[in-house]
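J.: Got a structure for you, written out below as structure tokens; questions coming shortly.
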Amino acid sequence: DAKTTQPPSMDCAEGRAANLPCNHSTISGNEYVYWYRQIHSQGPQYIIHGLKNNETNEMASLIITEDRKSSTLILPHATLRDTAVYYCIVYAGNNRKLIWGLGTSLAVNP
Amino acid sequence: SAVISQKPSRDICQRGTSLTIQCQVDSQVTMMFWYRQQPGQSLTLIATANQGSEATYESGFVIDKFPISRPNLTFSTLTVSNMSPEDSSIYLCSWGSLGETQYFGPGTRLLVL
């Protein structure tokens, strides 16, 4: 599975959009991009995933570049409760395990 | 999606003892998994809990140290045996297909003294 690169930490003002980047330059054509987050002292929570098209759900939007080598998770109006570690994972869905990196620690400030 | 719970939520144990962590899902699921998250680190898969057969362990994890049971499609246990301070971690169970969306329990925080 392709590896991902994320900045170790980011800050965002409450009410503003949080844009979390992820680089996956070695992604294969059949690999999806998944995003999870882990709020302190809790288990990881699924956010969103996509293959090549941009995706949106009630939590976030996922923008994948045309060459699929990078993506951005967008939290449109960040709140203090969005403070968490955000993990970007690429995965082919062939029953092999997810590879978790260290993610991006997002701090939403009042 | 099925709700998943774990017990205990946290524990402090003496070295040399064992602790069994329970994971309960409120509906039947095919695959359940156990992860470890050491302090300041990311998640590492310990094993896949298979219903009615032995668990499938990842490299670096062995059944003698982390015995796992999966008696039915809603329940699994992980035992951390003969504990040492290096076993201090958060232990997480999840359900879902490998590589597809996984849903995690709240975790068990273990401190070994």
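Residues in the structure tokens are numbered from 1 in each chain, the chains being A, B, ... in the order shown, and ligands are numbered from 1 in the order shown.
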Give me, as number ranges by chain, all polymer residues having an atom no more than 6 Å from stretch 58-73 of chain B, counting only C-alpha atoms and skipping those fewer than 3 positions away in the same chain.
T.: B: 28-29, 46-47, 51, 76-81
J.: Mind listing the strand (DSSP E) residues of stretch 48-88 of chain A, per DSSP on the backbone, as a short mmCIF file (atom, residue, chain, number, x, y, z; two decimals) with all heavy atoms, in the first residue's frame?
T.:
data_model
loop_
_atom_site.label_atom_id
_atom_site.label_comp_id
_atom_site.auth_asym_id
_atom_site.auth_seq_id
_atom_site.Cartn_x
_atom_site.Cartn_y
_atom_site.Cartn_z
N ILE A 48 -14.38 10.05 6.05
CA ILE A 48 -14.76 10.08 4.65
C ILE A 48 -13.75 9.29 3.85
O ILE A 48 -12.63 9.05 4.32
CB ILE A 48 -14.82 11.55 4.16
CG1 ILE A 48 -15.63 11.71 2.87
CG2 ILE A 48 -13.43 12.15 4.02
CD1 ILE A 48 -15.96 13.17 2.54
N HIS A 49 -14.10 8.84 2.65
CA HIS A 49 -13.13 8.25 1.75
C HIS A 49 -13.53 8.52 0.31
O HIS A 49 -14.68 8.86 0.03
CB HIS A 49 -12.97 6.74 2.01
CG HIS A 49 -14.10 5.88 1.51
ND1 HIS A 49 -15.29 5.77 2.20
CD2 HIS A 49 -14.21 5.10 0.42
CE1 HIS A 49 -16.08 4.95 1.57
NE2 HIS A 49 -15.47 4.52 0.47
N GLY A 50 -12.55 8.37 -0.60
CA GLY A 50 -12.82 8.60 -2.01
C GLY A 50 -11.78 7.91 -2.89
O GLY A 50 -10.71 7.53 -2.42
N GLU A 55 -15.53 14.15 -2.69
CA GLU A 55 -16.61 13.61 -1.89
C GLU A 55 -16.98 14.58 -0.78
O GLU A 55 -16.10 15.31 -0.28
CB GLU A 55 -16.21 12.26 -1.27
CG GLU A 55 -15.80 11.20 -2.26
CD GLU A 55 -16.98 10.62 -3.04
OE1 GLU A 55 -18.13 10.83 -2.63
OE2 GLU A 55 -16.71 9.95 -4.07
N THR A 56 -18.24 14.57 -0.41
CA THR A 56 -18.71 15.41 0.69
C THR A 56 -19.72 14.63 1.51
O THR A 56 -20.55 13.90 0.95
CB THR A 56 -19.37 16.71 0.17
OG1 THR A 56 -18.38 17.49 -0.52
CG2 THR A 56 -19.93 17.55 1.31
N SER A 61 -15.42 17.50 3.58
CA SER A 61 -15.26 17.32 2.14
C SER A 61 -13.86 16.79 1.87
O SER A 61 -12.91 17.12 2.60
CB SER A 61 -15.46 18.64 1.39
OG SER A 61 -16.78 19.10 1.52
N LEU A 62 -13.75 15.97 0.85
CA LEU A 62 -12.46 15.41 0.44
C LEU A 62 -12.21 15.84 -0.99
O LEU A 62 -13.01 15.54 -1.89
CB LEU A 62 -12.48 13.88 0.55
CG LEU A 62 -11.26 13.14 0.03
CD1 LEU A 62 -10.01 13.58 0.78
CD2 LEU A 62 -11.46 11.63 0.15
N ILE A 63 -11.10 16.54 -1.18
CA ILE A 63 -10.70 17.00 -2.51
C ILE A 63 -9.47 16.21 -2.92
O ILE A 63 -8.44 16.23 -2.22
CB ILE A 63 -10.37 18.50 -2.52
CG1 ILE A 63 -11.52 19.32 -1.90
CG2 ILE A 63 -10.07 18.97 -3.94
CD1 ILE A 63 -12.83 19.21 -2.63
N ILE A 64 -9.56 15.47 -4.03
CA ILE A 64 -8.46 14.67 -4.53
C ILE A 64 -7.98 15.31 -5.84
O ILE A 64 -8.78 15.58 -6.72
CB ILE A 64 -8.89 13.21 -4.76
CG1 ILE A 64 -9.45 12.62 -3.46
CG2 ILE A 64 -7.72 12.37 -5.28
CD1 ILE A 64 -10.05 11.23 -3.63
N SER A 70 -2.23 13.72 -4.29
CA SER A 70 -2.45 14.40 -3.01
C SER A 70 -3.95 14.65 -2.83
O SER A 70 -4.72 14.56 -3.79
CB SER A 70 -1.68 15.71 -2.93
OG SER A 70 -2.18 16.63 -3.87
N SER A 71 -4.29 14.91 -1.58
CA SER A 71 -5.68 15.20 -1.28
C SER A 71 -5.75 16.19 -0.12
O SER A 71 -4.75 16.40 0.59
CB SER A 71 -6.46 13.93 -0.94
OG SER A 71 -5.91 13.27 0.19
N THR A 72 -6.92 16.78 0.07
CA THR A 72 -7.14 17.71 1.16
C THR A 72 -8.47 17.39 1.82
O THR A 72 -9.49 17.25 1.14
CB THR A 72 -7.16 19.17 0.67
OG1 THR A 72 -5.91 19.47 0.03
CG2 THR A 72 -7.39 20.14 1.82
N LEU A 73 -8.44 17.26 3.12
CA LEU A 73 -9.66 17.12 3.90
C LEU A 73 -10.07 18.50 4.36
O LEU A 73 -9.25 19.23 4.92
CB LEU A 73 -9.44 16.21 5.11
CG LEU A 73 -10.65 16.02 6.01
CD1 LEU A 73 -11.66 15.09 5.35
CD2 LEU A 73 -10.25 15.49 7.38
N ILE A 74 -11.31 18.85 4.13
CA ILE A 74 -11.79 20.17 4.51
C ILE A 74 -12.90 20.05 5.54
O ILE A 74 -13.91 19.37 5.31
CB ILE A 74 -12.33 20.96 3.28
CG1 ILE A 74 -11.23 21.11 2.24
CG2 ILE A 74 -12.87 22.32 3.71
CD1 ILE A 74 -11.71 21.71 0.93
N LEU A 75 -12.67 20.67 6.70
CA LEU A 75 -13.72 20.83 7.70
C LEU A 75 -14.23 22.26 7.53
O LEU A 75 -13.53 23.20 7.86
CB LEU A 75 -13.16 20.63 9.11
CG LEU A 75 -12.37 19.35 9.36
CD1 LEU A 75 -11.84 19.32 10.79
CD2 LEU A 75 -13.23 18.13 9.09
N ALA A 84 -8.26 17.24 17.16
CA ALA A 84 -8.04 15.80 17.10
C ALA A 84 -6.81 15.53 16.24
O ALA A 84 -6.25 16.44 15.63
CB ALA A 84 -9.25 15.08 16.49
N VAL A 85 -6.41 14.27 16.21
CA VAL A 85 -5.39 13.82 15.25
C VAL A 85 -6.11 13.24 14.05
O VAL A 85 -7.00 12.40 14.20
CB VAL A 85 -4.45 12.77 15.88
CG1 VAL A 85 -3.45 12.28 14.84
CG2 VAL A 85 -3.74 13.34 17.10
N TYR A 86 -5.75 13.72 12.86
CA TYR A 86 -6.39 13.32 11.62
C TYR A 86 -5.44 12.43 10.82
O TYR A 86 -4.30 12.80 10.55
CB TYR A 86 -6.80 14.54 10.81
CG TYR A 86 -7.97 15.27 11.42
CD1 TYR A 86 -7.81 16.07 12.54
CD2 TYR A 86 -9.26 15.10 10.91
CE1 TYR A 86 -8.88 16.71 13.14
CE2 TYR A 86 -10.35 15.74 11.49
CZ TYR A 86 -10.15 16.53 12.61
OH TYR A 86 -11.23 17.15 13.20
N TYR A 87 -5.92 11.25 10.47
CA TYR A 87 -5.11 10.26 9.75
C TYR A 87 -5.60 10.13 8.31
O TYR A 87 -6.80 9.94 8.07
CB TYR A 87 -5.22 8.89 10.41
CG TYR A 87 -4.71 8.82 11.83
CD1 TYR A 87 -5.57 8.93 12.91
CD2 TYR A 87 -3.36 8.62 12.08
CE1 TYR A 87 -5.11 8.85 14.21
CE2 TYR A 87 -2.88 8.53 13.38
CZ TYR A 87 -3.76 8.65 14.44
OH TYR A 87 -3.29 8.56 15.72
N CYS A 88 -4.66 10.19 7.39
CA CYS A 88 -4.91 9.94 5.97
C CYS A 88 -4.31 8.58 5.63
O CYS A 88 -3.13 8.33 5.93
CB CYS A 88 -4.25 11.05 5.15
SG CYS A 88 -4.18 10.78 3.38
#
J.: Can you work out which residues from chain A touch chain B at a cut-off of 12 Å (counting only C-alpha atoms) and hand them back as a CSV table (one decimal) with all heavy atoms, in the first residue's frame?
T.:
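So the final result, stored in out_13.csv, reads:
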chain,number,residue,atom,x,y,z
A,1,ASP,N,0.8,-1.2,0.0
A,1,ASP,CA,0.0,0.0,0.0
A,1,ASP,C,0.9,1.2,0.0
A,1,ASP,O,2.0,1.3,0.5
A,1,ASP,CB,-0.9,0.0,1.2
A,1,ASP,CG,-1.9,-1.1,1.2
A,1,ASP,OD1,-2.6,-1.3,0.2
A,1,ASP,OD2,-2.0,-1.8,2.2
A,31,GLU,N,-6.4,2.2,-5.4
A,31,GLU,CA,-6.3,2.6,-3.9
A,31,GLU,C,-7.2,3.8,-3.6
A,31,GLU,O,-7.2,4.8,-4.3
A,31,GLU,CB,-4.9,2.9,-3.5
A,31,GLU,CG,-4.0,1.6,-3.5
A,31,GLU,CD,-2.6,1.9,-3.0
A,31,GLU,OE1,-2.0,2.8,-3.4
A,31,GLU,OE2,-2.2,1.1,-2.1
A,32,TYR,N,-8.0,3.6,-2.6
A,32,TYR,CA,-8.8,4.6,-2.1
A,32,TYR,C,-8.0,5.5,-1.1
A,32,TYR,O,-7.1,5.0,-0.4
A,32,TYR,CB,-10.0,4.1,-1.3
A,32,TYR,CG,-11.1,3.5,-2.3
A,32,TYR,CD1,-10.9,2.2,-2.8
A,32,TYR,CD2,-12.2,4.1,-2.6
A,32,TYR,CE1,-11.8,1.6,-3.7
A,32,TYR,CE2,-13.2,3.6,-3.4
A,32,TYR,CZ,-13.0,2.4,-3.9
A,32,TYR,OH,-13.9,1.8,-4.8
A,33,VAL,N,-8.5,6.7,-0.9
A,33,VAL,CA,-8.0,7.6,0.2
A,33,VAL,C,-9.0,7.6,1.3
A,33,VAL,O,-10.2,8.0,1.1
A,33,VAL,CB,-7.7,9.0,-0.3
A,33,VAL,CG1,-7.2,9.9,0.8
A,33,VAL,CG2,-6.8,9.0,-1.5
A,34,TYR,N,-8.6,7.2,2.5
A,34,TYR,CA,-9.5,7.2,3.7
A,34,TYR,C,-9.0,8.3,4.7
A,34,TYR,O,-7.8,8.5,4.8
A,34,TYR,CB,-9.4,5.9,4.4
A,34,TYR,CG,-10.3,4.8,3.8
A,34,TYR,CD1,-9.9,4.1,2.7
A,34,TYR,CD2,-11.5,4.5,4.4
A,34,TYR,CE1,-10.7,3.1,2.1
A,34,TYR,CE2,-12.3,3.5,3.8
A,34,TYR,CZ,-11.9,2.8,2.7
A,34,TYR,OH,-12.7,1.9,2.2
A,35,TRP,N,-9.9,8.9,5.4
A,35,TRP,CA,-9.6,9.8,6.5
A,35,TRP,C,-10.3,9.3,7.7
A,35,TRP,O,-11.5,9.1,7.7
A,35,TRP,CB,-10.0,11.2,6.1
A,35,TRP,CG,-9.0,11.9,5.2
A,35,TRP,CD1,-9.0,11.9,3.8
A,35,TRP,CD2,-8.0,12.8,5.6
A,35,TRP,NE1,-8.0,12.6,3.3
A,35,TRP,CE2,-7.3,13.2,4.4
A,35,TRP,CE3,-7.4,13.3,6.8
A,35,TRP,CZ2,-6.2,14.1,4.3
A,35,TRP,CZ3,-6.4,14.1,6.7
A,35,TRP,CH2,-5.8,14.5,5.5
A,36,TYR,N,-9.6,9.3,8.8
A,36,TYR,CA,-10.1,9.0,10.2
A,36,TYR,C,-9.6,10.1,11.1
A,36,TYR,O,-8.6,10.8,10.8
A,36,TYR,CB,-9.6,7.7,10.7
A,36,TYR,CG,-10.2,6.4,10.1
A,36,TYR,CD1,-9.7,6.0,8.9
A,36,TYR,CD2,-11.2,5.7,10.8
A,36,TYR,CE1,-10.3,4.8,8.3
A,36,TYR,CE2,-11.7,4.6,10.2
A,36,TYR,CZ,-11.3,4.1,9.0
A,36,TYR,OH,-11.8,3.0,8.4
A,37,ARG,N,-10.3,10.3,12.2
A,37,ARG,CA,-9.7,11.2,13.2
A,37,ARG,C,-9.8,10.5,14.6
A,37,ARG,O,-10.7,9.6,14.8
A,37,ARG,CB,-10.4,12.5,13.2
A,37,ARG,CG,-11.8,12.5,13.8
A,37,ARG,CD,-12.4,13.9,13.8
A,37,ARG,NE,-13.8,14.0,14.3
A,37,ARG,CZ,-14.5,15.1,14.4
A,37,ARG,NH1,-14.0,16.2,13.8
A,37,ARG,NH2,-15.7,15.0,14.9
A,38,GLN,N,-9.0,11.0,15.5
A,38,GLN,CA,-9.0,10.4,16.8
A,38,GLN,C,-8.9,11.6,17.8
A,38,GLN,O,-7.9,12.3,17.9
A,38,GLN,CB,-7.8,9.5,17.1
A,38,GLN,CG,-7.8,8.8,18.4
A,38,GLN,CD,-6.7,7.8,18.5
A,38,GLN,OE1,-5.6,7.9,17.9
A,38,GLN,NE2,-6.9,6.8,19.4
A,39,ILE,N,-10.0,11.8,18.5
A,39,ILE,CA,-10.1,12.8,19.5
A,39,ILE,C,-9.5,12.2,20.8
A,39,ILE,O,-9.6,11.0,21.0
A,39,ILE,CB,-11.6,13.2,19.7
A,39,ILE,CG1,-12.1,13.8,18.5
A,39,ILE,CG2,-11.7,14.1,20.9
A,39,ILE,CD1,-13.6,14.1,18.5
A,40,HIS,N,-8.8,13.0,21.5
A,40,HIS,CA,-8.1,12.6,22.7
A,40,HIS,C,-8.9,11.6,23.5
A,40,HIS,O,-10.0,11.9,23.9
A,40,HIS,CB,-7.6,13.8,23.5
A,40,HIS,CG,-6.7,13.4,24.7
A,40,HIS,ND1,-5.5,12.7,24.5
A,40,HIS,CD2,-6.9,13.5,26.0
A,40,HIS,CE1,-5.0,12.5,25.7
A,40,HIS,NE2,-5.8,13.0,26.6
A,41,SER,N,-8.2,10.5,23.9
A,41,SER,CA,-8.8,9.5,24.8
A,41,SER,C,-10.0,8.7,24.2
A,41,SER,O,-10.7,8.0,24.9
A,41,SER,CB,-9.3,10.1,26.1
A,41,SER,OG,-8.2,10.7,26.8
A,42,GLN,N,-10.2,8.8,22.8
A,42,GLN,CA,-11.2,8.0,22.2
A,42,GLN,C,-10.7,7.2,21.1
A,42,GLN,O,-9.5,7.3,20.7
A,42,GLN,CB,-12.3,9.0,21.6
A,42,GLN,CG,-13.0,9.9,22.7
A,42,GLN,CD,-14.0,10.7,22.0
A,42,GLN,OE1,-14.6,10.4,21.0
A,42,GLN,NE2,-14.4,11.8,22.7
A,43,GLY,N,-11.5,6.2,20.6
A,43,GLY,CA,-11.1,5.4,19.4
A,43,GLY,C,-11.2,6.2,18.2
A,43,GLY,O,-12.0,7.2,18.1
A,44,PRO,N,-10.5,5.8,17.1
A,44,PRO,CA,-10.6,6.6,15.8
A,44,PRO,C,-12.0,6.5,15.3
A,44,PRO,O,-12.7,5.6,15.5
A,44,PRO,CB,-9.6,5.8,14.9
A,44,PRO,CG,-8.6,5.1,15.9
A,44,PRO,CD,-9.5,4.8,17.1
A,45,GLN,N,-12.3,7.6,14.6
A,45,GLN,CA,-13.6,7.8,14.0
A,45,GLN,C,-13.5,8.0,12.5
A,45,GLN,O,-12.7,8.8,12.0
A,45,GLN,CB,-14.3,9.0,14.6
A,45,GLN,CG,-15.7,9.3,14.0
A,45,GLN,CD,-16.2,10.7,14.5
A,45,GLN,OE1,-15.4,11.6,14.9
A,45,GLN,NE2,-17.5,10.9,14.5
A,46,TYR,N,-14.2,7.2,11.7
A,46,TYR,CA,-14.2,7.3,10.2
A,46,TYR,C,-14.8,8.7,9.9
A,46,TYR,O,-15.8,9.1,10.4
A,46,TYR,CB,-15.0,6.2,9.6
A,46,TYR,CG,-15.4,6.4,8.2
A,46,TYR,CD1,-14.5,6.2,7.2
A,46,TYR,CD2,-16.7,6.8,7.8
A,46,TYR,CE1,-14.8,6.4,5.8
A,46,TYR,CE2,-17.0,7.0,6.5
A,46,TYR,CZ,-16.1,6.8,5.5
A,46,TYR,OH,-16.4,7.0,4.2
A,47,ILE,N,-14.2,9.3,8.9
A,47,ILE,CA,-14.7,10.6,8.4
A,47,ILE,C,-15.2,10.5,7.0
A,47,ILE,O,-16.4,10.7,6.7
A,47,ILE,CB,-13.6,11.7,8.4
A,47,ILE,CG1,-13.0,11.9,9.8
A,47,ILE,CG2,-14.2,13.0,7.9
A,47,ILE,CD1,-11.8,12.8,9.9
A,48,ILE,N,-14.4,10.0,6.0
A,48,ILE,CA,-14.8,10.1,4.6
A,48,ILE,C,-13.7,9.3,3.8
A,48,ILE,O,-12.6,9.0,4.3
A,48,ILE,CB,-14.8,11.6,4.2
A,48,ILE,CG1,-15.6,11.7,2.9
A,48,ILE,CG2,-13.4,12.1,4.0
A,48,ILE,CD1,-16.0,13.2,2.5
A,49,HIS,N,-14.1,8.8,2.7
A,49,HIS,CA,-13.1,8.2,1.8
A,49,HIS,C,-13.5,8.5,0.3
A,49,HIS,O,-14.7,8.9,0.0
A,49,HIS,CB,-13.0,6.7,2.0
A,49,HIS,CG,-14.1,5.9,1.5
A,49,HIS,ND1,-15.3,5.8,2.2
A,49,HIS,CD2,-14.2,5.1,0.4
A,49,HIS,CE1,-16.1,5.0,1.6
A,49,HIS,NE2,-15.5,4.5,0.5
A,50,GLY,N,-12.5,8.4,-0.6
A,50,GLY,CA,-12.8,8.6,-2.0
A,50,GLY,C,-11.8,7.9,-2.9
A,50,GLY,O,-10.7,7.5,-2.4
A,85,VAL,N,-6.4,14.3,16.2
A,85,VAL,CA,-5.4,13.8,15.3
A,85,VAL,C,-6.1,13.2,14.0
A,85,VAL,O,-7.0,12.4,14.2
A,85,VAL,CB,-4.5,12.8,15.9
A,85,VAL,CG1,-3.4,12.3,14.8
A,85,VAL,CG2,-3.7,13.3,17.1
A,86,TYR,N,-5.7,13.7,12.9
A,86,TYR,CA,-6.4,13.3,11.6
A,86,TYR,C,-5.4,12.4,10.8
A,86,TYR,O,-4.3,12.8,10.6
A,86,TYR,CB,-6.8,14.5,10.8
A,86,TYR,CG,-8.0,15.3,11.4
A,86,TYR,CD1,-7.8,16.1,12.5
A,86,TYR,CD2,-9.3,15.1,10.9
A,86,TYR,CE1,-8.9,16.7,13.1
A,86,TYR,CE2,-10.3,15.7,11.5
A,86,TYR,CZ,-10.2,16.5,12.6
A,86,TYR,OH,-11.2,17.2,13.2
A,87,TYR,N,-5.9,11.2,10.5
A,87,TYR,CA,-5.1,10.3,9.8
A,87,TYR,C,-5.6,10.1,8.3
A,87,TYR,O,-6.8,9.9,8.1
A,87,TYR,CB,-5.2,8.9,10.4
A,87,TYR,CG,-4.7,8.8,11.8
A,87,TYR,CD1,-5.6,8.9,12.9
A,87,TYR,CD2,-3.4,8.6,12.1
A,87,TYR,CE1,-5.1,8.8,14.2
A,87,TYR,CE2,-2.9,8.5,13.4
A,87,TYR,CZ,-3.8,8.6,14.4
A,87,TYR,OH,-3.3,8.6,15.7
A,88,CYS,N,-4.7,10.2,7.4
A,88,CYS,CA,-4.9,9.9,6.0
A,88,CYS,C,-4.3,8.6,5.6
A,88,CYS,O,-3.1,8.3,5.9
A,88,CYS,CB,-4.3,11.1,5.2
A,88,CYS,SG,-4.2,10.8,3.4
A,89,ILE,N,-5.1,7.7,5.0
A,89,ILE,CA,-4.6,6.3,4.7
A,89,ILE,C,-5.0,6.0,3.3
A,89,ILE,O,-6.1,6.3,2.9
A,89,ILE,CB,-5.3,5.3,5.7
A,89,ILE,CG1,-5.0,5.7,7.2
A,89,ILE,CG2,-4.9,3.9,5.4
A,89,ILE,CD1,-5.8,4.9,8.2
A,90,VAL,N,-4.1,5.4,2.6
A,90,VAL,CA,-4.5,4.9,1.2
A,90,VAL,C,-4.6,3.4,1.3
A,90,VAL,O,-3.8,2.8,2.0
A,90,VAL,CB,-3.6,5.4,0.1
A,90,VAL,CG1,-3.7,6.9,0.0
A,90,VAL,CG2,-2.2,5.0,0.4
A,91,TYR,N,-5.6,2.9,0.6
A,91,TYR,CA,-5.8,1.4,0.8
A,91,TYR,C,-6.5,0.9,-0.5
A,91,TYR,O,-7.4,1.5,-1.0
A,91,TYR,CB,-6.7,1.2,2.0
A,91,TYR,CG,-6.9,-0.2,2.3
A,91,TYR,CD1,-5.9,-0.9,2.9
A,91,TYR,CD2,-8.0,-0.9,1.8
A,91,TYR,CE1,-6.0,-2.3,3.1
A,91,TYR,CE2,-8.2,-2.2,2.0
A,91,TYR,CZ,-7.1,-2.9,2.7
A,91,TYR,OH,-7.3,-4.3,2.9
A,92,ALA,N,-6.2,-0.3,-0.8
A,92,ALA,CA,-6.7,-1.0,-2.0
A,92,ALA,C,-7.9,-1.8,-1.8
A,92,ALA,O,-8.5,-2.2,-2.7
A,92,ALA,CB,-5.6,-1.8,-2.7
A,93,GLY,N,-8.3,-2.1,-0.6
A,93,GLY,CA,-9.5,-2.8,-0.3
A,93,GLY,C,-9.3,-4.3,-0.7
A,93,GLY,O,-10.3,-4.9,-1.1
A,94,ASN,N,-8.2,-4.9,-0.5
A,94,ASN,CA,-8.0,-6.3,-0.9
A,94,ASN,C,-7.6,-7.1,0.4
A,94,ASN,O,-6.8,-8.0,0.3
A,94,ASN,CB,-6.8,-6.4,-1.9
A,94,ASN,CG,-5.5,-5.8,-1.4
A,94,ASN,OD1,-5.5,-5.1,-0.4
A,94,ASN,ND2,-4.5,-5.9,-2.2
A,95,ASN,N,-8.3,-6.8,1.5
A,95,ASN,CA,-8.1,-7.5,2.7
A,95,ASN,C,-6.7,-7.4,3.3
A,95,ASN,O,-6.4,-8.3,4.1
A,95,ASN,CB,-8.6,-9.0,2.6
A,95,ASN,CG,-10.1,-9.1,2.7
A,95,ASN,OD1,-10.7,-8.2,3.2
A,95,ASN,ND2,-10.6,-10.2,2.2
A,96,ARG,N,-6.0,-6.5,3.0
A,96,ARG,CA,-4.7,-6.2,3.7
A,96,ARG,C,-5.0,-5.1,4.7
A,96,ARG,O,-5.8,-4.3,4.6
A,96,ARG,CB,-3.6,-5.8,2.7
A,96,ARG,CG,-3.2,-7.0,1.7
A,96,ARG,CD,-2.4,-6.5,0.6
A,96,ARG,NE,-1.2,-5.8,1.0
A,96,ARG,CZ,-0.5,-5.0,0.3
A,96,ARG,NH1,-0.8,-4.8,-1.0
A,96,ARG,NH2,0.6,-4.5,0.7
A,97,LYS,N,-4.1,-5.1,5.7
A,97,LYS,CA,-4.4,-4.2,6.8
A,97,LYS,C,-4.1,-2.7,6.5
A,97,LYS,O,-3.3,-2.4,5.6
A,97,LYS,CB,-3.5,-4.6,8.0
A,97,LYS,CG,-2.0,-4.5,7.8
A,97,LYS,CD,-1.2,-4.9,9.0
A,97,LYS,CE,0.3,-4.8,8.7
A,97,LYS,NZ,1.1,-5.3,9.8
A,98,LEU,N,-4.9,-1.9,7.2
A,98,LEU,CA,-4.6,-0.4,7.1
A,98,LEU,C,-3.3,-0.1,7.7
A,98,LEU,O,-2.9,-0.7,8.7
A,98,LEU,CB,-5.7,0.3,7.9
A,98,LEU,CG,-7.1,0.2,7.3
A,98,LEU,CD1,-8.1,0.9,8.3
A,98,LEU,CD2,-7.2,0.9,6.0
A,99,ILE,N,-2.6,0.8,7.1
A,99,ILE,CA,-1.3,1.2,7.7
A,99,ILE,C,-1.5,2.6,8.2
A,99,ILE,O,-1.8,3.6,7.5
A,99,ILE,CB,-0.2,1.3,6.6
A,99,ILE,CG1,0.0,-0.1,5.9
A,99,ILE,CG2,1.2,1.7,7.2
A,99,ILE,CD1,0.4,-1.2,6.9
A,100,TRP,N,-1.4,2.8,9.5
A,100,TRP,CA,-1.6,4.1,10.2
A,100,TRP,C,-0.3,4.8,10.4
A,100,TRP,O,0.6,4.3,11.0
A,100,TRP,CB,-2.3,3.8,11.6
A,100,TRP,CG,-3.6,3.2,11.5
A,100,TRP,CD1,-3.9,1.9,11.2
A,100,TRP,CD2,-4.9,3.8,11.6
A,100,TRP,NE1,-5.2,1.6,11.2
A,100,TRP,CE2,-5.9,2.8,11.4
A,100,TRP,CE3,-5.3,5.1,11.9
A,100,TRP,CZ2,-7.3,3.1,11.5
A,100,TRP,CZ3,-6.7,5.4,12.0
A,100,TRP,CH2,-7.6,4.4,11.8
A,101,GLY,N,-0.3,6.0,9.9
A,101,GLY,CA,0.9,6.9,10.2
A,101,GLY,C,0.6,7.7,11.5
A,101,GLY,O,-0.2,7.3,12.3
A,102,LEU,N,1.4,8.8,11.7
A,102,LEU,CA,1.2,9.6,12.9
A,102,LEU,C,0.2,10.7,12.7
A,102,LEU,O,-0.2,11.3,13.7
A,102,LEU,CB,2.6,10.2,13.3
A,102,LEU,CG,3.6,9.2,13.8
A,102,LEU,CD1,5.0,9.9,14.0
A,102,LEU,CD2,3.1,8.5,15.0
A,103,GLY,N,-0.3,10.9,11.5
A,103,GLY,CA,-1.4,11.9,11.3
A,103,GLY,C,-1.0,13.3,11.5
A,103,GLY,O,0.2,13.6,11.8
A,104,THR,N,-2.0,14.2,11.5
A,104,THR,CA,-1.8,15.6,11.7
A,104,THR,C,-2.6,16.0,13.0
A,104,THR,O,-3.8,15.7,13.0
A,104,THR,CB,-2.4,16.5,10.6
A,104,THR,OG1,-1.6,16.2,9.4
A,104,THR,CG2,-2.4,17.9,10.9
A,105,SER,N,-2.0,16.6,13.9
A,105,SER,CA,-2.7,17.0,15.1
A,105,SER,C,-3.2,18.4,14.9
A,105,SER,O,-2.5,19.4,14.7
A,105,SER,CB,-1.7,17.0,16.3
A,105,SER,OG,-2.3,17.5,17.5
J.: Set the distance at 8 Å and use only C-alpha atoms: which residues neighbour A:His24 once local chain neighbours fewer than 3 positions away are removed? I'd like the list as a list in words.
T.: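 The residues that qualify are Ala2, Lys3, Thr4, Thr5, Ile27, Arg68, Lys69, Ser70, Ser71 and Val90 of chain A.
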J.: Create the file for the chosen residues now, containing C-alpha atoms and written as a PDB file, in the first residue's frame.
T.:
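Contents of result-v1.pdb, freshly written:
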ATOM      1  CA  ALA A   2       1.086   3.517  -0.750  1.00  0.00           C
ATOM      2  CA  LYS A   3       2.536   5.608   2.029  1.00  0.00           C
ATOM      3  CA  THR A   4       1.148   8.985   3.015  1.00  0.00           C
ATOM      4  CA  THR A   5       2.811  12.172   4.259  1.00  0.00           C
ATOM      5  CA  ILE A  27      -0.852   5.804  -4.894  1.00  0.00           C
ATOM      6  CA  ARG A  68      -4.437  11.552  -7.302  1.00  0.00           C
ATOM      7  CA  LYS A  69      -1.045  12.235  -5.760  1.00  0.00           C
ATOM      8  CA  SER A  70      -2.452  14.396  -3.011  1.00  0.00           C
ATOM      9  CA  SER A  71      -5.684  15.199  -1.278  1.00  0.00           C
ATOM     10  CA  VAL A  90      -4.532   4.912   1.245  1.00  0.00           C
TER      11      VAL A  90
END
J.: Just want the 9 Å neighbourhood of B:Leu111, counted on only C-alpha atoms, with same-chain residues fewer than 4 positions away dropped. Output as a list in words.
T.: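 The neighbour list is Arg10, Asp11, Ile12, Cys13, Gln14, Pro85, Asp87, Ser88, Ser89 and Ile90 of chain B.
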J.: As number ranges by chain, please: the residues near A:Ala17 (cut-off 9 Å, only C-alpha atoms, same-chain neighbours under 3 positions excluded).
T.: A: 12-14, 74-78
J.: Mind dumping the selected residues with C-alpha atoms as a short mmCIF file (atom, residue, chain, number, x, y, z; two decimals), in the first residue's frame?
T.:
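What follows is the written file selection-v9.cif:
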data_model
loop_
_atom_site.label_atom_id
_atom_site.label_comp_id
_atom_site.auth_asym_id
_atom_site.auth_seq_id
_atom_site.Cartn_x
_atom_site.Cartn_y
_atom_site.Cartn_z
CA CYS A 12 -7.15 26.66 12.86
CA ALA A 13 -9.37 29.40 14.22
CA GLU A 14 -12.81 28.36 15.38
CA ILE A 74 -11.79 20.17 4.51
CA LEU A 75 -13.72 20.83 7.70
CA PRO A 76 -15.81 23.79 6.52
CA HIS A 77 -16.51 25.44 9.87
CA ALA A 78 -14.14 24.06 12.47
#
J.: Can you tell me how far atom CA of B:Gly16 sits from atom CA of B:Ala55, in Å to one decimal?
T.: 23.4 Å
